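Shown next: run.cif, containing mmCIF, C-alpha atoms.
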data_target
loop_
_atom_site.group_PDB
_atom_site.id
_atom_site.type_symbol
_atom_site.label_atom_id
_atom_site.label_comp_id
_atom_site.auth_asym_id
_atom_site.auth_seq_id
_atom_site.Cartn_x
_atom_site.Cartn_y
_atom_site.Cartn_z
ATOM 1 C CA ASN A 1 18.421 -10.140 5.880
ATOM 2 C CA SER A 2 16.328 -7.254 4.540
ATOM 3 C CA LYS A 3 13.856 -9.760 3.078
ATOM 4 C CA ALA A 4 13.489 -11.472 6.449
ATOM 5 C CA LYS A 5 13.034 -8.153 8.265
ATOM 6 C CA ALA A 6 10.502 -7.009 5.671
ATOM 7 C CA GLU A 7 8.564 -10.241 6.184
ATOM 8 C CA GLU A 8 8.461 -9.547 9.933
ATOM 9 C CA MET A 9 7.153 -6.040 9.249
ATOM 10 C CA ILE A 10 4.422 -7.316 6.915
ATOM 11 C CA ASN A 11 3.227 -9.772 9.548
ATOM 12 C CA SER A 12 3.197 -7.088 12.235
ATOM 13 C CA VAL A 13 1.164 -4.726 10.005
ATOM 14 C CA ARG A 14 -1.227 -7.576 9.177
ATOM 15 C CA THR A 15 -1.711 -8.282 12.892
ATOM 16 C CA ALA A 16 -2.350 -4.597 13.572
ATOM 17 C CA PHE A 17 -4.889 -4.396 10.731
ATOM 18 C CA LYS A 18 -6.767 -7.394 12.140
ATOM 19 C CA GLU A 19 -6.736 -5.792 15.580
ATOM 20 C CA ASN A 20 -8.196 -2.590 14.132
ATOM 21 C CA LEU A 21 -11.062 -4.631 12.659
ATOM 22 C CA LYS A 22 -12.314 -5.387 16.169
ATOM 23 C CA TYR A 23 -13.176 -1.738 16.756
ATOM 24 C CA LEU A 24 -15.113 -1.009 13.563
ATOM 25 C CA SER A 25 -18.687 -0.313 14.612
ATOM 26 C CA TRP A 26 -20.054 -0.418 11.050
ATOM 27 C CA MET A 27 -19.050 -4.051 10.398
ATOM 28 C CA ASP A 28 -21.179 -6.980 11.563
ATOM 29 C CA PRO A 29 -19.456 -9.807 13.510
ATOM 30 C CA GLU A 30 -19.793 -12.440 10.764
ATOM 31 C CA THR A 31 -18.281 -10.222 8.056
ATOM 32 C CA ARG A 32 -15.575 -9.114 10.486
ATOM 33 C CA LEU A 33 -14.557 -12.732 11.055
ATOM 34 C CA LEU A 34 -14.411 -13.363 7.297
ATOM 35 C CA ALA A 35 -12.338 -10.199 6.855
ATOM 36 C CA GLN A 36 -9.852 -11.455 9.432
ATOM 37 C CA GLU A 37 -9.669 -14.762 7.575
ATOM 38 C CA LYS A 38 -9.016 -12.951 4.303
ATOM 39 C CA ALA A 39 -6.246 -10.890 5.912
ATOM 40 C CA ASP A 40 -4.648 -14.110 7.187
ATOM 41 C CA ALA A 41 -4.912 -15.667 3.728
ATOM 42 C CA ILE A 42 -3.047 -12.829 1.977
ATOM 43 C CA THR A 43 0.245 -14.157 0.632
ATOM 44 C CA ASP A 44 3.254 -11.987 -0.091
ATOM 45 C CA MET A 45 6.315 -11.908 -2.324
ATOM 46 C CA ILE A 46 9.294 -9.796 -1.306
ATOM 47 C CA GLY A 47 12.388 -8.599 -3.150
ATOM 48 C CA PHE A 48 12.781 -10.910 -6.129
ATOM 49 C CA PRO A 49 11.999 -14.427 -7.351
ATOM 50 C CA ASP A 50 14.612 -16.905 -6.153
ATOM 51 C CA PHE A 51 15.271 -18.295 -9.647
ATOM 52 C CA ILE A 52 17.112 -15.125 -10.742
ATOM 53 C CA LEU A 53 20.033 -16.152 -8.520
ATOM 54 C CA ASP A 54 20.305 -19.541 -10.256
ATOM 55 C CA ASP A 55 22.226 -19.372 -13.562
ATOM 56 C CA GLU A 56 20.893 -22.712 -14.803
ATOM 57 C CA LYS A 57 17.273 -21.745 -14.182
ATOM 58 C CA LEU A 58 17.833 -18.373 -15.848
ATOM 59 C CA ASP A 59 19.357 -20.012 -18.924
ATOM 60 C CA GLU A 60 16.447 -22.444 -19.148
ATOM 61 C CA ARG A 61 13.870 -19.678 -18.737
ATOM 62 C CA TYR A 62 15.318 -17.457 -21.464
ATOM 63 C CA LYS A 63 16.713 -20.037 -23.873
ATOM 64 C CA GLU A 64 14.175 -19.030 -26.549
ATOM 65 C CA LEU A 65 15.016 -15.316 -26.300
ATOM 66 C CA SER A 66 17.445 -14.078 -28.950
ATOM 67 C CA VAL A 67 19.615 -11.075 -27.978
ATOM 68 C CA ASN A 68 22.438 -9.451 -29.946
ATOM 69 C CA GLU A 69 24.647 -6.671 -28.576
ATOM 70 C CA ASN A 70 24.577 -4.782 -31.883
ATOM 71 C CA THR A 71 20.815 -4.759 -32.547
ATOM 72 C CA TYR A 72 19.157 -2.748 -29.782
ATOM 73 C CA PHE A 73 15.851 -2.135 -31.579
ATOM 74 C CA GLU A 74 15.526 -5.784 -32.631
ATOM 75 C CA ASN A 75 16.282 -6.847 -29.063
ATOM 76 C CA ASN A 76 13.242 -4.896 -27.896
ATOM 77 C CA ILE A 77 11.055 -6.561 -30.503
ATOM 78 C CA HIS A 78 12.380 -10.013 -29.582
ATOM 79 C CA ALA A 79 11.779 -9.343 -25.882
ATOM 80 C CA ASN A 80 8.197 -8.210 -26.529
ATOM 81 C CA GLN A 81 7.540 -11.286 -28.680
ATOM 82 C CA PHE A 82 9.062 -13.540 -26.041
ATOM 83 C CA ASN A 83 6.872 -12.023 -23.293
ATOM 84 C CA LEU A 84 3.762 -12.235 -25.485
ATOM 85 C CA ARG A 85 4.366 -15.944 -26.137
ATOM 86 C CA ARG A 86 4.808 -16.572 -22.407
ATOM 87 C CA ASN A 87 1.589 -14.720 -21.634
ATOM 88 C CA LEU A 88 -0.372 -16.636 -24.284
ATOM 89 C CA GLN A 89 0.857 -19.908 -22.803
ATOM 90 C CA ASN A 90 -0.932 -18.982 -19.574
ATOM 91 C CA LEU A 91 -4.364 -18.913 -21.214
ATOM 92 C CA GLY A 92 -6.624 -21.601 -19.808
ATOM 93 C CA THR A 93 -4.187 -22.521 -17.028
ATOM 94 C CA PRO A 94 -4.663 -22.056 -13.237
ATOM 95 C CA VAL A 95 -3.530 -18.733 -11.742
ATOM 96 C CA ASN A 96 0.203 -18.850 -11.063
ATOM 97 C CA LYS A 97 0.616 -17.185 -7.673
ATOM 98 C CA THR A 98 4.402 -17.241 -7.901
ATOM 99 C CA ARG A 99 4.624 -15.106 -11.025
ATOM 100 C CA TRP A 100 5.902 -11.551 -10.604
ATOM 101 C CA ASN A 101 4.188 -8.717 -12.497
ATOM 102 C CA MET A 102 6.949 -6.222 -11.648
ATOM 103 C CA THR A 103 10.693 -6.439 -12.115
ATOM 104 C CA PRO A 104 12.893 -6.461 -8.962
ATOM 105 C CA PRO A 105 14.331 -2.923 -9.482
ATOM 106 C CA THR A 106 10.850 -1.366 -9.637
ATOM 107 C CA VAL A 107 10.180 1.183 -6.887
ATOM 108 C CA ASN A 108 6.551 0.259 -6.329
ATOM 109 C CA ALA A 109 4.287 -2.369 -4.768
ATOM 110 C CA TYR A 110 0.930 -3.890 -5.629
ATOM 111 C CA TYR A 111 -1.994 -6.041 -4.521
ATOM 112 C CA THR A 112 -3.639 -8.563 -6.848
ATOM 113 C CA PRO A 113 -7.250 -9.352 -5.834
ATOM 114 C CA THR A 114 -7.510 -12.541 -7.932
ATOM 115 C CA ARG A 115 -4.475 -13.934 -6.101
ATOM 116 C CA ASN A 116 -5.138 -12.199 -2.762
ATOM 117 C CA GLN A 117 -1.454 -11.363 -2.821
ATOM 118 C CA ILE A 118 0.782 -8.378 -2.026
ATOM 119 C CA VAL A 119 4.151 -7.874 -3.739
ATOM 120 C CA PHE A 120 7.092 -5.664 -2.755
ATOM 121 C CA PRO A 121 9.973 -5.642 -5.276
ATOM 122 C CA ALA A 122 13.538 -5.047 -4.090
ATOM 123 C CA GLY A 123 13.468 -1.541 -5.567
ATOM 124 C CA ILE A 124 11.178 -0.217 -2.830
ATOM 125 C CA LEU A 125 13.091 -1.912 -0.014
ATOM 126 C CA GLN A 126 15.626 0.926 0.134
ATOM 127 C CA ALA A 127 15.778 4.517 1.365
ATOM 128 C CA PRO A 128 13.732 6.565 1.777
ATOM 129 C CA PHE A 129 11.151 3.791 2.178
ATOM 130 C CA TYR A 130 13.250 1.251 4.017
ATOM 131 C CA ASP A 131 16.733 0.859 5.416
ATOM 132 C CA ILE A 132 17.680 -1.907 7.810
ATOM 133 C CA SER A 133 19.993 0.535 9.615
ATOM 134 C CA HIS A 134 17.271 3.154 10.142
ATOM 135 C CA GLN A 135 15.214 3.482 13.287
ATOM 136 C CA GLN A 136 11.988 1.523 13.222
ATOM 137 C CA ALA A 137 9.916 4.697 13.580
ATOM 138 C CA LEU A 138 11.230 5.748 10.166
ATOM 139 C CA ASN A 139 10.831 2.329 8.562
ATOM 140 C CA TYR A 140 7.290 1.831 9.828
ATOM 141 C CA GLY A 141 6.326 5.390 8.846
ATOM 142 C CA ALA A 142 7.488 4.842 5.280
ATOM 143 C CA MET A 143 7.620 1.156 4.293
ATOM 144 C CA GLY A 144 5.171 0.071 6.985
ATOM 145 C CA VAL A 145 2.521 2.397 5.579
ATOM 146 C CA VAL A 146 3.182 1.095 2.059
ATOM 147 C CA MET A 147 2.647 -2.450 3.348
ATOM 148 C CA GLY A 148 -0.519 -1.393 5.139
ATOM 149 C CA HIS A 149 -1.663 0.422 1.995
ATOM 150 C CA GLU A 150 -1.347 -2.695 -0.169
ATOM 151 C CA LEU A 151 -2.947 -4.893 2.473
ATOM 152 C CA THR A 152 -5.879 -2.465 2.781
ATOM 153 C CA HIS A 153 -6.447 -2.722 -0.982
ATOM 154 C CA ALA A 154 -7.837 -6.189 -0.239
ATOM 155 C CA PHE A 155 -10.720 -4.395 1.466
ATOM 156 C CA ASP A 156 -11.191 -1.228 -0.589
ATOM 157 C CA ASP A 157 -14.201 -0.536 -2.811
ATOM 158 C CA GLN A 158 -12.972 -3.070 -5.404
ATOM 159 C CA GLY A 159 -10.823 -5.509 -3.435
ATOM 160 C CA ARG A 160 -13.626 -6.223 -0.965
ATOM 161 C CA GLU A 161 -15.601 -7.910 -3.761
ATOM 162 C CA TYR A 162 -13.097 -10.801 -3.857
ATOM 163 C CA ASP A 163 -12.972 -13.480 -1.175
ATOM 164 C CA LYS A 164 -9.888 -14.922 0.501
ATOM 165 C CA PHE A 165 -9.373 -17.310 -2.424
ATOM 166 C CA GLY A 166 -9.373 -14.483 -4.980
ATOM 167 C CA ASN A 167 -12.818 -15.378 -6.317
ATOM 168 C CA LEU A 168 -15.354 -12.687 -7.201
ATOM 169 C CA HIS A 169 -17.943 -13.383 -4.548
ATOM 170 C CA GLN A 170 -20.208 -11.344 -2.255
ATOM 171 C CA TRP A 171 -19.108 -12.401 1.204
ATOM 172 C CA TRP A 172 -20.331 -9.292 3.030
ATOM 173 C CA ASN A 173 -23.600 -8.845 4.905
ATOM 174 C CA ASN A 174 -25.944 -6.482 2.993
ATOM 175 C CA LYS A 175 -26.255 -4.089 5.935
ATOM 176 C CA THR A 176 -22.481 -3.974 6.267
ATOM 177 C CA ILE A 177 -22.201 -3.131 2.558
ATOM 178 C CA GLU A 178 -24.626 -0.255 3.094
ATOM 179 C CA ARG A 179 -22.694 1.037 6.099
ATOM 180 C CA PHE A 180 -19.410 0.661 4.185
ATOM 181 C CA LYS A 181 -20.904 2.880 1.482
ATOM 182 C CA ASN A 182 -21.704 5.507 4.111
ATOM 183 C CA GLN A 183 -18.108 5.418 5.376
ATOM 184 C CA THR A 184 -16.664 5.716 1.880
ATOM 185 C CA ASP A 185 -19.015 8.580 0.969
ATOM 186 C CA CYS A 186 -17.232 10.593 3.647
ATOM 187 C CA VAL A 187 -13.873 9.891 1.954
ATOM 188 C CA VAL A 188 -15.257 10.781 -1.479
ATOM 189 C CA LYS A 189 -16.474 14.147 -0.210
ATOM 190 C CA GLN A 190 -13.307 14.873 1.775
ATOM 191 C CA TYR A 191 -10.962 14.411 -1.166
ATOM 192 C CA GLY A 192 -13.412 15.920 -3.641
ATOM 193 C CA ASP A 193 -13.262 19.147 -1.626
ATOM 194 C CA TYR A 194 -9.489 19.405 -2.068
ATOM 195 C CA GLU A 195 -8.442 21.830 -4.778
ATOM 196 C CA ILE A 196 -5.201 22.434 -6.657
ATOM 197 C CA ASN A 197 -4.607 24.677 -9.699
ATOM 198 C CA ASN A 198 -8.273 25.723 -9.389
ATOM 199 C CA LYS A 199 -9.319 22.119 -10.015
ATOM 200 C CA HIS A 200 -11.104 19.873 -7.524
ATOM 201 C CA LEU A 201 -9.881 16.333 -7.048
ATOM 202 C CA ASN A 202 -12.148 13.495 -8.132
ATOM 203 C CA GLY A 203 -13.100 11.786 -4.872
ATOM 204 C CA LYS A 204 -14.718 8.817 -6.610
ATOM 205 C CA GLN A 205 -11.852 8.228 -9.027
ATOM 206 C CA THR A 206 -9.291 8.169 -6.202
ATOM 207 C CA LEU A 207 -11.454 6.369 -3.636
ATOM 208 C CA GLY A 208 -9.670 3.008 -3.610
ATOM 209 C CA GLU A 209 -6.230 4.567 -3.189
ATOM 210 C CA ASN A 210 -7.462 6.995 -0.532
ATOM 211 C CA ILE A 211 -9.015 4.149 1.447
ATOM 212 C CA ALA A 212 -5.702 2.292 1.201
ATOM 213 C CA ASP A 213 -3.677 5.349 2.278
ATOM 214 C CA ASN A 214 -5.814 5.927 5.349
ATOM 215 C CA GLY A 215 -6.068 2.276 6.342
ATOM 216 C CA GLY A 216 -2.363 1.712 5.730
ATOM 217 C CA LEU A 217 -1.346 4.638 7.933
ATOM 218 C CA LYS A 218 -3.586 3.469 10.764
ATOM 219 C CA ALA A 219 -2.372 -0.150 10.627
ATOM 220 C CA ALA A 220 1.302 0.806 10.355
ATOM 221 C CA PHE A 221 1.142 3.164 13.341
ATOM 222 C CA ARG A 222 -0.489 0.490 15.474
ATOM 223 C CA ALA A 223 2.136 -2.012 14.294
ATOM 224 C CA TYR A 224 4.906 0.412 15.266
ATOM 225 C CA LEU A 225 3.439 0.869 18.753
ATOM 226 C CA ASP A 226 3.275 -2.935 19.075
ATOM 227 C CA TRP A 227 6.941 -3.123 18.048
ATOM 228 C CA VAL A 228 7.864 -0.600 20.759
ATOM 229 C CA LYS A 229 6.038 -2.677 23.383
ATOM 230 C CA LYS A 230 8.027 -5.777 22.433
ATOM 231 C CA ASN A 231 11.365 -3.991 22.078
ATOM 232 C CA LYS A 232 13.007 -1.232 24.046
ATOM 233 C CA GLU A 233 12.473 2.372 22.941
ATOM 234 C CA GLU A 234 15.097 3.471 20.437
ATOM 235 C CA LEU A 235 17.587 6.226 21.225
ATOM 236 C CA GLN A 236 16.497 9.770 20.519
ATOM 237 C CA LEU A 237 17.985 11.182 17.322
ATOM 238 C CA PRO A 238 20.469 13.977 18.103
ATOM 239 C CA ALA A 239 19.695 17.625 17.336
ATOM 240 C CA LEU A 240 16.006 16.854 16.736
ATOM 241 C CA ASN A 241 13.386 17.889 19.226
ATOM 242 C CA LEU A 242 11.016 15.213 17.927
ATOM 243 C CA THR A 243 9.595 12.079 19.499
ATOM 244 C CA HIS A 244 9.750 8.736 17.738
ATOM 245 C CA ARG A 245 6.000 8.862 17.158
ATOM 246 C CA GLN A 246 6.355 12.248 15.484
ATOM 247 C CA LEU A 247 9.192 10.839 13.366
ATOM 248 C CA PHE A 248 6.854 8.058 12.235
ATOM 249 C CA PHE A 249 4.465 10.596 10.710
ATOM 250 C CA LEU A 250 7.281 12.720 9.288
ATOM 251 C CA SER A 251 8.732 9.646 7.601
ATOM 252 C CA PHE A 252 5.332 8.918 6.051
ATOM 253 C CA ALA A 253 5.093 12.471 4.711
ATOM 254 C CA GLN A 254 8.686 12.614 3.479
ATOM 255 C CA VAL A 255 8.333 9.840 0.909
ATOM 256 C CA TRP A 256 5.661 11.918 -0.832
ATOM 257 C CA CYS A 257 7.787 15.068 -1.170
ATOM 258 C CA SER A 258 7.575 15.974 -4.847
ATOM 259 C CA ALA A 259 7.482 18.735 -7.413
ATOM 260 C CA SER A 260 5.620 18.656 -10.712
ATOM 261 C CA THR A 261 4.567 21.045 -13.423
ATOM 262 C CA GLU A 262 1.050 22.428 -13.502
ATOM 263 C CA GLU A 263 0.400 20.435 -16.664
ATOM 264 C CA ALA A 264 1.520 17.170 -15.045
ATOM 265 C CA THR A 265 -0.571 17.857 -11.942
ATOM 266 C CA ASN A 266 -3.661 18.608 -14.012
ATOM 267 C CA LEU A 267 -3.181 15.383 -15.967
ATOM 268 C CA GLN A 268 -2.882 13.433 -12.724
ATOM 269 C CA ILE A 269 -6.096 14.955 -11.387
ATOM 270 C CA GLU A 270 -7.861 13.984 -14.608
ATOM 271 C CA LYS A 271 -6.501 10.459 -15.100
ATOM 272 C CA ASP A 272 -4.753 9.050 -12.018
ATOM 273 C CA ALA A 273 -6.358 6.775 -9.441
ATOM 274 C CA HIS A 274 -4.088 8.390 -6.834
ATOM 275 C CA ALA A 275 -4.564 11.820 -5.323
ATOM 276 C CA PRO A 276 -1.645 14.256 -5.820
ATOM 277 C CA PRO A 277 1.101 13.552 -3.226
ATOM 278 C CA LYS A 278 0.312 16.676 -1.190
ATOM 279 C CA PHE A 279 -3.227 15.498 -0.512
ATOM 280 C CA ARG A 280 -2.234 11.875 0.045
ATOM 281 C CA VAL A 281 -0.407 13.250 3.076
ATOM 282 C CA ILE A 282 -2.880 15.915 4.213
ATOM 283 C CA GLY A 283 -5.913 13.675 3.682
ATOM 284 C CA SER A 284 -4.583 10.718 5.649
ATOM 285 C CA LEU A 285 -3.040 12.718 8.496
ATOM 286 C CA SER A 286 -6.102 14.911 9.016
ATOM 287 C CA ASN A 287 -8.130 11.722 9.566
ATOM 288 C CA SER A 288 -5.658 10.432 12.153
ATOM 289 C CA PRO A 289 -6.451 11.166 15.823
ATOM 290 C CA GLU A 290 -2.987 9.818 16.649
ATOM 291 C CA PHE A 291 -1.293 12.404 14.428
ATOM 292 C CA ALA A 292 -3.326 15.216 16.007
ATOM 293 C CA ARG A 293 -2.423 13.967 19.480
ATOM 294 C CA GLU A 294 1.303 13.647 18.805
ATOM 295 C CA PHE A 295 1.577 17.103 17.194
ATOM 296 C CA HIS A 296 -0.926 18.803 19.552
ATOM 297 C CA CYS A 297 -3.229 20.017 16.779
ATOM 298 C CA PRO A 298 -6.222 21.891 18.265
ATOM 299 C CA LEU A 299 -9.587 20.238 17.672
ATOM 300 C CA GLY A 300 -11.291 21.954 14.767
ATOM 301 C CA SER A 301 -8.026 22.957 13.083
ATOM 302 C CA LYS A 302 -7.212 22.003 9.487
ATOM 303 C CA MET A 303 -5.199 18.941 10.494
ATOM 304 C CA ASN A 304 -7.571 17.917 13.288
ATOM 305 C CA PRO A 305 -11.135 18.435 12.013
ATOM 306 C CA GLU A 306 -14.012 17.516 14.291
ATOM 307 C CA LYS A 307 -15.445 15.217 11.627
ATOM 308 C CA LYS A 308 -12.951 12.636 10.423
ATOM 309 C CA CYS A 309 -13.402 9.913 7.837
ATOM 310 C CA GLU A 310 -12.626 6.331 8.784
ATOM 311 C CA VAL A 311 -13.158 3.173 6.771
ATOM 312 C CA TRP A 312 -10.533 0.732 8.036
#
Represent the structure contained in this file as structure tokens.
Amino acid sequence: NSKAKAEEMINSVRTAFKENLKYLSWMDPETRLLAQEKADAITDMIGFPDFILDDEKLDERYKELSVNENTYFENNIHANQFNLRRNLQNLGTPVNKTRWNMTPPTVNAYYTPTRNQIVFPAGILQAPFYDISHQQALNYGAMGVVMGHELTHAFDDQGREYDKFGNLHQWWNNKTIERFKNQTDCVVKQYGDYEINNKHLNGKQTLGENIADNGGLKAAFRAYLDWVKKNKEELQLPALNLTHRQLFFLSFAQVWCSASTEEATNLQIEKDAHAPPKFRVIGSLSNSPEFAREFHCPLGSKMNPEKKCEVW
């Protein structure tokens, strides 16, 4: 049931993303149409591969893997050898779009440009990201943004270079590429100005993830509003003086609550393609007119700057 509901949410976020494309002034009509086609062509895998529920298929798949309950270290070696052999067998063969690159318990998600595919393992389809019993404002604010984030990766600074078939191919108009660069320069500067532990973030290094964060938030919020139009408004949560739209943004922020040592934060700034969690929240929300409207942030304030960055 969760898989089916997650599939519905992905489709609603995809529809919202395509709707947002219509209002991008920097994109020419021909490229916009191709972008909509690419969004439609994105396939998804949710939860886990079906074969893991079939004992016979599991036995067949792992019949060459030797495991002994008394030899833990050797088991690791055998597993690595088994996986290496399987990977080598793929050389020279067509791309297998049904193969999972993450295990089901993994709390993560990913987009593969060569497959034009988004994947959401079962591990992320649980609280605080997703719970079938939670209000949709919370689910869209958390899991919906993750889905929008991965979908937007198909159109970030790297993903945009692949067409709807997953082939490396320039399918954008040259003027649109130039205008895209102007839009992304704004994001590079915005995040590069953020500072933590007396160190500035690297706006170029984190560009793809920042584009995905911002685009994912925008698409998920639109998808949530579309859900509300089609369904009746949910009951107000007791003892909270917050609207459902405010809860959407709070749910987005909550999944990035974290604490790390100064050393770990400095290493992330130096090496990671993601901005530190604090600025993944601040950066995306300060670019969102909807957030500023729902929380009544004065124009020109930190969370509602006059100049906002928008790519998707």
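The nearest approach to A:Asp272 among the residues A:Gly203, A:Gly92, A:Gly47, A:Pro128, with only C-alpha atoms taken into account, belongs to A:Gly203.
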Kindly resolve the PyMOL selection byres ((chain A and resi 35) around 9) on the present coordinates and return the residues as a ChimeraX atom specification. /A:18,21,30-34,36-40,155,160,163-164,172
Let's have the selection written as a PDB file, in the frame of the given file, with C-alpha atoms.
ATOM      1  CA  LYS A  18      -6.767  -7.394  12.140  1.00  0.00           C
ATOM      2  CA  LEU A  21     -11.062  -4.631  12.659  1.00  0.00           C
ATOM      3  CA  GLU A  30     -19.793 -12.440  10.764  1.00  0.00           C
ATOM      4  CA  THR A  31     -18.281 -10.222   8.056  1.00  0.00           C
ATOM      5  CA  ARG A  32     -15.575  -9.114  10.486  1.00  0.00           C
ATOM      6  CA  LEU A  33     -14.557 -12.732  11.055  1.00  0.00           C
ATOM      7  CA  LEU A  34     -14.411 -13.363   7.297  1.00  0.00           C
ATOM      8  CA  GLN A  36      -9.852 -11.455   9.432  1.00  0.00           C
ATOM      9  CA  GLU A  37      -9.669 -14.762   7.575  1.00  0.00           C
ATOM     10  CA  LYS A  38      -9.016 -12.951   4.303  1.00  0.00           C
ATOM     11  CA  ALA A  39      -6.246 -10.890   5.912  1.00  0.00           C
ATOM     12  CA  ASP A  40      -4.648 -14.110   7.187  1.00  0.00           C
ATOM     13  CA  PHE A 155     -10.720  -4.395   1.466  1.00  0.00           C
ATOM     14  CA  ARG A 160     -13.626  -6.223  -0.965  1.00  0.00           C
ATOM     15  CA  ASP A 163     -12.972 -13.480  -1.175  1.00  0.00           C
ATOM     16  CA  LYS A 164      -9.888 -14.922   0.501  1.00  0.00           C
ATOM     17  CA  TRP A 172     -20.331  -9.292   3.030  1.00  0.00           C
TER      18      TRP A 172
END
Excluding A:Gln205 and any residue of its chain fewer than 5 positions from it, enumerate the residues within 10 Å of it, using all atoms listed in the file, and give them as a PDB file with C-alpha atoms, in the frame of the given file.
ATOM      1  CA  VAL A 188     -15.257  10.781  -1.479  1.00  0.00           C
ATOM      2  CA  GLY A 192     -13.412  15.920  -3.641  1.00  0.00           C
ATOM      3  CA  ASN A 210      -7.462   6.995  -0.532  1.00  0.00           C
ATOM      4  CA  ILE A 269      -6.096  14.955 -11.387  1.00  0.00           C
ATOM      5  CA  GLU A 270      -7.861  13.984 -14.608  1.00  0.00           C
ATOM      6  CA  LYS A 271      -6.501  10.459 -15.100  1.00  0.00           C
ATOM      7  CA  ASP A 272      -4.753   9.050 -12.018  1.00  0.00           C
ATOM      8  CA  ALA A 273      -6.358   6.775  -9.441  1.00  0.00           C
ATOM      9  CA  HIS A 274      -4.088   8.390  -6.834  1.00  0.00           C
ATOM     10  CA  ALA A 275      -4.564  11.820  -5.323  1.00  0.00           C
TER      11      ALA A 275
END
Minimum-distance residue to A:Asn202, chosen among A:Asn266, A:Ile132, A:Asp28, A:Ala223 (using all atoms listed in the file): A:Asn266
Around (15.5, 13.3, 14.6) in the file's own coordinates, what residues are found within 10 Å if you use all atoms listed in the file, given back as a VMD selection string? chain A and resid 135 138 235 to 244 246 to 247 250
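For the file at hand, the PyMOL selection byres ((chain A and resi 302) around 12) resolves to A:Ile282, A:Gly283, A:Leu285, A:Ser286, A:Asn287, A:Ser288, A:Ala292, A:Cys297, A:Pro298, A:Leu299, A:Gly300, A:Ser301, A:Met303, A:Asn304, A:Pro305, A:Glu306, A:Lys307, A:Lys308.
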Deliver the residues from the most recent selection as a file, using C-alpha atoms, as an mmCIF file, keeping the file's coordinate frame.
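Writing the result to selection-v4.cif gives the following:
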data_model
loop_
_atom_site.group_PDB
_atom_site.id
_atom_site.type_symbol
_atom_site.label_atom_id
_atom_site.label_comp_id
_atom_site.auth_asym_id
_atom_site.auth_seq_id
_atom_site.Cartn_x
_atom_site.Cartn_y
_atom_site.Cartn_z
ATOM 1 C CA ILE A 282 -2.880 15.915 4.213
ATOM 2 C CA GLY A 283 -5.913 13.675 3.682
ATOM 3 C CA LEU A 285 -3.040 12.718 8.496
ATOM 4 C CA SER A 286 -6.102 14.911 9.016
ATOM 5 C CA ASN A 287 -8.130 11.722 9.566
ATOM 6 C CA SER A 288 -5.658 10.432 12.153
ATOM 7 C CA ALA A 292 -3.326 15.216 16.007
ATOM 8 C CA CYS A 297 -3.229 20.017 16.779
ATOM 9 C CA PRO A 298 -6.222 21.891 18.265
ATOM 10 C CA LEU A 299 -9.587 20.238 17.672
ATOM 11 C CA GLY A 300 -11.291 21.954 14.767
ATOM 12 C CA SER A 301 -8.026 22.957 13.083
ATOM 13 C CA MET A 303 -5.199 18.941 10.494
ATOM 14 C CA ASN A 304 -7.571 17.917 13.288
ATOM 15 C CA PRO A 305 -11.135 18.435 12.013
ATOM 16 C CA GLU A 306 -14.012 17.516 14.291
ATOM 17 C CA LYS A 307 -15.445 15.217 11.627
ATOM 18 C CA LYS A 308 -12.951 12.636 10.423
#
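Straight-line separation from atom CA of A:Trp227 to atom CA of A:Val145: 14.3 Å.
Among the candidate residues A:Gln89, A:Ser66, A:Leu125, A:Arg61, the one lying nearest to A:Ala4 is A:Leu125, with distances computed using only C-alpha atoms.
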Let me know the residues the PyMOL selection byres ((chain A and resi 281) around 10) catches in the file above, as a PyMOL selection string. chain A and resi 213-214+217+249-250+252-257+275-280+282-286
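Coordinates place atom CA of A:Val119 at a distance of 24.2 Å from atom CA of A:Trp171.
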What's the separation between atom CA of A:Thr184 and atom CA of A:Tyr111, in Å to one decimal place? 19.9 Å
Shell of 9 Å around A:Ala137, all atoms listed in the file, local chain residues under 3 positions omitted, as a PyMOL selection string: chain A and resi 134+140-142+221+224+234+244-249+251
Filtering to C-alpha atoms, could you give me those residues as a compact mmCIF listing (two decimals), in the coordinates of the input?
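And here's part-v5.txt as it stands now:
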# COMPACT_ATOMS: atom_id res chain seq x y z
CA HIS A 134 17.27 3.15 10.14
CA TYR A 140 7.29 1.83 9.83
CA GLY A 141 6.33 5.39 8.85
CA ALA A 142 7.49 4.84 5.28
CA PHE A 221 1.14 3.16 13.34
CA TYR A 224 4.91 0.41 15.27
CA GLU A 234 15.10 3.47 20.44
CA HIS A 244 9.75 8.74 17.74
CA ARG A 245 6.00 8.86 17.16
CA GLN A 246 6.36 12.25 15.48
CA LEU A 247 9.19 10.84 13.37
CA PHE A 248 6.85 8.06 12.24
CA PHE A 249 4.46 10.60 10.71
CA SER A 251 8.73 9.65 7.60
What's the 12 Å shell around A:Arg86, counting all atoms listed in the file, without same-chain residues fewer than 4 positions away, as a ChimeraX atom specification? /A:61-62,64-65,79-82,90-91,99
